[in-house]
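*Asks:* Please find one structure pasted underneath; my questions will follow.
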Amino acid sequence: MASALGAATCSRAMAAVAVKPTVGKVTSNLPVQWKDVVYNAVHALRLCMYRPIDDNTTTANNKLSMLVYFHGGGFCLCSFELPHFHADALRLTTELPTLVLSADYHLALEHRLPTTHRDAKAILSWLRA
(Lines give C-alpha, C1' and ligand atoms only; values in the text may rest on other atoms or scores of the structure.)
Protein backbone atom coordinates (compact mmCIF):
# COMPACT_ATOMS: atom_id res chain seq x y z
CA MET A 1 0.00 0.00 0.00
CA ALA A 2 1.31 3.44 -0.86
CA SER A 3 1.06 6.29 1.62
CA ALA A 4 1.50 9.96 0.80
CA LEU A 5 4.19 11.71 2.85
CA GLY A 6 3.98 15.05 1.10
CA ALA A 7 2.84 16.76 -2.04
CA ALA A 8 5.25 14.88 -4.30
CA THR A 9 6.66 12.17 -2.01
CA CYS A 10 5.40 8.67 -1.53
CA SER A 11 6.68 5.49 0.05
CA ARG A 12 5.55 1.98 -0.77
CA ALA A 13 5.79 -1.15 1.33
CA MET A 14 6.44 -4.05 -1.04
CA ALA A 15 7.16 -7.62 -0.05
CA ALA A 16 9.74 -9.62 -1.94
CA VAL A 17 8.04 -10.80 -5.12
CA ALA A 18 10.80 -12.64 -6.97
CA VAL A 19 9.00 -15.96 -6.92
CA LYS A 20 8.90 -16.86 -10.61
CA PRO A 21 9.92 -20.53 -10.30
CA THR A 22 6.71 -21.29 -8.38
CA VAL A 23 3.98 -20.45 -10.84
CA GLY A 24 0.84 -21.60 -9.07
CA LYS A 25 -1.54 -23.49 -11.35
CA VAL A 26 0.78 -23.38 -14.38
CA THR A 27 2.68 -26.59 -14.83
CA SER A 28 6.42 -26.23 -14.49
CA ASN A 29 7.13 -28.57 -17.39
CA LEU A 30 6.03 -26.13 -20.12
CA PRO A 31 8.45 -25.92 -23.05
CA VAL A 32 9.49 -22.36 -22.24
CA GLN A 33 12.83 -20.80 -21.31
CA TRP A 34 12.97 -17.46 -19.54
CA LYS A 35 15.59 -15.05 -18.29
CA ASP A 36 15.71 -11.56 -16.82
CA VAL A 37 17.56 -8.79 -18.64
CA VAL A 38 18.10 -5.10 -17.90
CA TYR A 39 16.70 -2.75 -20.53
CA ASN A 40 17.42 0.48 -18.65
CA ALA A 41 20.53 0.32 -16.46
CA VAL A 42 20.21 3.93 -15.27
CA HIS A 43 16.87 3.20 -13.58
CA ALA A 44 17.48 -0.54 -12.98
CA LEU A 45 14.45 -1.50 -15.07
CA ARG A 46 14.25 -5.10 -16.20
CA LEU A 47 12.16 -7.36 -18.32
CA CYS A 48 11.78 -11.08 -18.52
CA MET A 49 12.18 -12.74 -21.91
CA TYR A 50 10.12 -15.90 -22.49
CA ARG A 51 10.98 -18.10 -25.45
CA PRO A 52 9.28 -21.33 -26.54
CA ILE A 53 11.77 -24.18 -26.83
CA ASP A 54 9.65 -26.41 -29.04
CA ASP A 55 11.32 -26.85 -32.44
CA ASN A 56 7.95 -26.54 -34.20
CA THR A 57 7.46 -22.89 -33.16
CA THR A 58 9.94 -21.19 -35.46
CA THR A 59 9.18 -20.17 -39.01
CA ALA A 60 11.16 -21.08 -42.11
CA ASN A 61 13.64 -18.25 -41.43
CA ASN A 62 13.91 -19.13 -37.69
CA LYS A 63 12.09 -16.00 -36.48
CA LEU A 64 9.34 -15.74 -33.90
CA SER A 65 6.74 -13.05 -33.53
CA MET A 66 7.18 -10.85 -30.45
CA LEU A 67 4.76 -9.57 -27.83
CA VAL A 68 5.65 -6.91 -25.24
CA TYR A 69 3.52 -7.58 -22.16
CA PHE A 70 2.89 -4.79 -19.64
CA HIS A 71 1.53 -6.27 -16.43
CA GLY A 72 -1.74 -5.11 -14.93
CA GLY A 73 -2.09 -2.85 -11.92
CA GLY A 74 -3.14 0.42 -13.52
CA PHE A 75 0.49 1.64 -13.64
CA CYS A 76 0.27 1.95 -9.84
CA LEU A 77 0.54 -1.55 -8.41
CA CYS A 78 2.33 -4.87 -8.76
CA SER A 79 5.41 -6.13 -10.53
CA PHE A 80 6.13 -8.26 -13.57
CA GLU A 81 7.63 -10.78 -11.10
CA LEU A 82 4.33 -11.69 -9.44
CA PRO A 83 3.34 -15.33 -10.00
CA HIS A 84 0.11 -14.63 -11.89
CA PHE A 85 1.84 -12.31 -14.39
CA HIS A 86 4.61 -14.87 -14.80
CA ALA A 87 1.95 -17.52 -15.43
CA ASP A 88 0.28 -15.25 -18.01
CA ALA A 89 3.57 -14.83 -19.88
CA LEU A 90 4.21 -18.58 -19.79
CA ARG A 91 0.76 -19.27 -21.21
CA LEU A 92 1.11 -16.65 -23.95
CA THR A 93 4.51 -18.03 -24.93
CA THR A 94 3.21 -21.59 -25.08
CA GLU A 95 -0.18 -21.06 -26.66
CA LEU A 96 0.55 -18.43 -29.32
CA PRO A 97 3.63 -19.38 -29.67
CA THR A 98 5.65 -16.19 -29.55
CA LEU A 99 8.57 -14.50 -27.84
CA VAL A 100 7.10 -12.62 -24.86
CA LEU A 101 8.83 -9.72 -23.14
CA SER A 102 7.24 -9.05 -19.77
CA ALA A 103 8.30 -5.55 -18.75
CA ASP A 104 8.93 -3.79 -15.48
CA TYR A 105 8.23 -0.06 -15.37
CA HIS A 106 8.07 2.85 -12.93
CA LEU A 107 4.91 2.93 -10.84
CA ALA A 108 2.75 5.86 -9.80
CA LEU A 109 2.52 7.42 -7.15
CA GLU A 110 6.30 7.64 -6.89
CA HIS A 111 6.61 8.49 -10.60
CA ARG A 112 4.12 10.71 -12.38
CA LEU A 113 2.92 10.21 -15.91
CA PRO A 114 4.38 10.22 -18.56
CA THR A 115 7.26 8.34 -16.83
CA THR A 116 5.60 4.98 -17.51
CA HIS A 117 5.12 5.89 -21.17
CA ARG A 118 8.80 6.80 -21.39
CA ASP A 119 9.64 3.38 -19.95
CA ALA A 120 7.56 1.74 -22.68
CA LYS A 121 9.38 3.82 -25.29
CA ALA A 122 12.71 2.78 -23.73
CA ILE A 123 11.78 -0.89 -24.17
CA LEU A 124 11.06 -0.37 -27.86
CA SER A 125 14.31 1.58 -28.28
CA TRP A 126 16.17 -1.22 -26.50
CA LEU A 127 14.65 -3.72 -28.93
CA ARG A 128 15.75 -1.67 -31.95
CA ALA A 129 19.34 -1.35 -30.66
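Lettering and numbering for the C-alpha coordinates are positional, with chains as A, B, ... in the shown order, residues counted from 1 in each chain, and ligands counted from 1 in the shown order.
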Could you name the residues that touch Cys76 (chain A) at 6 Å or less, counting only C-alpha atoms, but leaving out those on the same chain fewer than 2 positions away, as JSON, numbers by chain?

*Replies:* {"A": [73, 74, 107, 108]}

*Asks:* Taking into account only C-alpha atoms, which residue in the set A:Ala44, A:Ala120, A:Leu113, A:Leu64 is nearest to Leu96 (chain A)?

*Replies:*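 Smallest separation from Leu96 (chain A) among the options: A:Leu64.
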
*Asks:* Using only C-alpha atoms, which residue out of A:Val32, A:His106, A:Phe75, A:Arg46 lies closest to Ala87 (chain A)?

*Replies:* A:Val32

*Asks:* Calculated over only C-alpha atoms, which of the candidates A:Leu90, A:Leu82, A:Leu77, A:Met66 has the smallest distance to Asn29 (chain A)?

*Replies:* A:Leu90

*Asks:* Using only C-alpha atoms, which of the listed residues (A:Pro114, A:Thr93, A:Thr98, A:Ala122) sits closest to Asn62 (chain A)?

*Replies:* A:Thr98

*Asks:* Return the single residue from A:Leu30, A:Asp119, A:Gly72, A:Tyr39 that is closest to Asp54 (chain A), with distances computed using only C-alpha atoms.

*Replies:*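 Closest residue, counting only C-alpha atoms: A:Leu30.
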
*Asks:* Find the spatial neighbours of Lys121 (chain A), counting only C-alpha atoms, within a cut-off of 12 Å - ignore same-chain residues fewer than 3 positions away - and output them as a PyMOL selection string.

*Replies:* chain A and resi 39-40+68+103+105+114-118+124-128

*Asks:* Let's have the selection written as an mmCIF file, in the first residue's frame, with N, CA, C and O atoms.

*Replies:*
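The resulting out-v7.cif:
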data_model
loop_
_atom_site.group_PDB
_atom_site.id
_atom_site.type_symbol
_atom_site.label_atom_id
_atom_site.label_comp_id
_atom_site.auth_asym_id
_atom_site.auth_seq_id
_atom_site.Cartn_x
_atom_site.Cartn_y
_atom_site.Cartn_z
ATOM 1 N N TYR A 39 16.868 -3.568 -19.325
ATOM 2 C CA TYR A 39 16.699 -2.754 -20.529
ATOM 3 C C TYR A 39 16.995 -1.284 -20.266
ATOM 4 O O TYR A 39 17.169 -0.511 -21.200
ATOM 5 N N ASN A 40 17.070 -0.891 -19.005
ATOM 6 C CA ASN A 40 17.419 0.481 -18.651
ATOM 7 C C ASN A 40 18.285 0.431 -17.399
ATOM 8 O O ASN A 40 17.778 0.366 -16.280
ATOM 9 N N VAL A 68 5.201 -7.600 -26.445
ATOM 10 C CA VAL A 68 5.650 -6.909 -25.236
ATOM 11 C C VAL A 68 4.454 -6.851 -24.304
ATOM 12 O O VAL A 68 3.408 -6.297 -24.660
ATOM 13 N N ALA A 103 7.514 -6.731 -19.113
ATOM 14 C CA ALA A 103 8.298 -5.555 -18.752
ATOM 15 C C ALA A 103 7.988 -5.018 -17.367
ATOM 16 O O ALA A 103 6.843 -4.997 -16.927
ATOM 17 N N TYR A 105 8.262 -1.493 -15.083
ATOM 18 C CA TYR A 105 8.226 -0.062 -15.365
ATOM 19 C C TYR A 105 8.008 0.695 -14.070
ATOM 20 O O TYR A 105 7.616 0.121 -13.056
ATOM 21 N N PRO A 114 4.272 11.318 -17.603
ATOM 22 C CA PRO A 114 4.381 10.221 -18.556
ATOM 23 C C PRO A 114 5.590 9.309 -18.334
ATOM 24 O O PRO A 114 6.085 8.707 -19.285
ATOM 25 N N THR A 115 6.081 9.175 -17.095
ATOM 26 C CA THR A 115 7.256 8.342 -16.833
ATOM 27 C C THR A 115 7.044 6.914 -17.329
ATOM 28 O O THR A 115 7.932 6.329 -17.960
ATOM 29 N N THR A 116 5.879 6.342 -17.069
ATOM 30 C CA THR A 116 5.596 4.980 -17.514
ATOM 31 C C THR A 116 5.618 4.881 -19.036
ATOM 32 O O THR A 116 6.122 3.917 -19.597
ATOM 33 N N HIS A 117 5.104 5.895 -19.701
ATOM 34 C CA HIS A 117 5.118 5.890 -21.167
ATOM 35 C C HIS A 117 6.549 5.981 -21.695
ATOM 36 O O HIS A 117 6.891 5.360 -22.705
ATOM 37 N N ARG A 118 7.386 6.734 -20.995
ATOM 38 C CA ARG A 118 8.800 6.798 -21.385
ATOM 39 C C ARG A 118 9.484 5.447 -21.200
ATOM 40 O O ARG A 118 10.356 5.074 -21.981
ATOM 41 N N LEU A 124 11.046 -0.275 -26.397
ATOM 42 C CA LEU A 124 11.057 -0.368 -27.860
ATOM 43 C C LEU A 124 12.407 0.096 -28.424
ATOM 44 O O LEU A 124 12.919 -0.502 -29.373
ATOM 45 N N SER A 125 12.986 1.133 -27.832
ATOM 46 C CA SER A 125 14.312 1.577 -28.276
ATOM 47 C C SER A 125 15.359 0.513 -27.999
ATOM 48 O O SER A 125 16.261 0.288 -28.812
ATOM 49 N N TRP A 126 15.264 -0.139 -26.859
ATOM 50 C CA TRP A 126 16.175 -1.219 -26.501
ATOM 51 C C TRP A 126 16.071 -2.366 -27.512
ATOM 52 O O TRP A 126 17.078 -2.956 -27.916
ATOM 53 N N LEU A 127 14.858 -2.657 -27.939
ATOM 54 C CA LEU A 127 14.648 -3.717 -28.928
ATOM 55 C C LEU A 127 15.276 -3.371 -30.273
ATOM 56 O O LEU A 127 15.824 -4.237 -30.945
ATOM 57 N N ARG A 128 15.196 -2.105 -30.657
ATOM 58 C CA ARG A 128 15.748 -1.673 -31.946
ATOM 59 C C ARG A 128 17.267 -1.635 -31.938
ATOM 60 O O ARG A 128 17.881 -1.713 -32.993
#

*Asks:* CA of Phe70 (chain A) to CA of His84 (chain A): how many Å, to one decimal?

*Replies:* 12.8 Å

*Asks:* Closest to Pro31 (chain A) among A:His71, A:Met49, A:Ser79, A:Pro97, using only C-alpha atoms?

*Replies:*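 Answer, going by the shortest atom-to-atom distance: A:Pro97.
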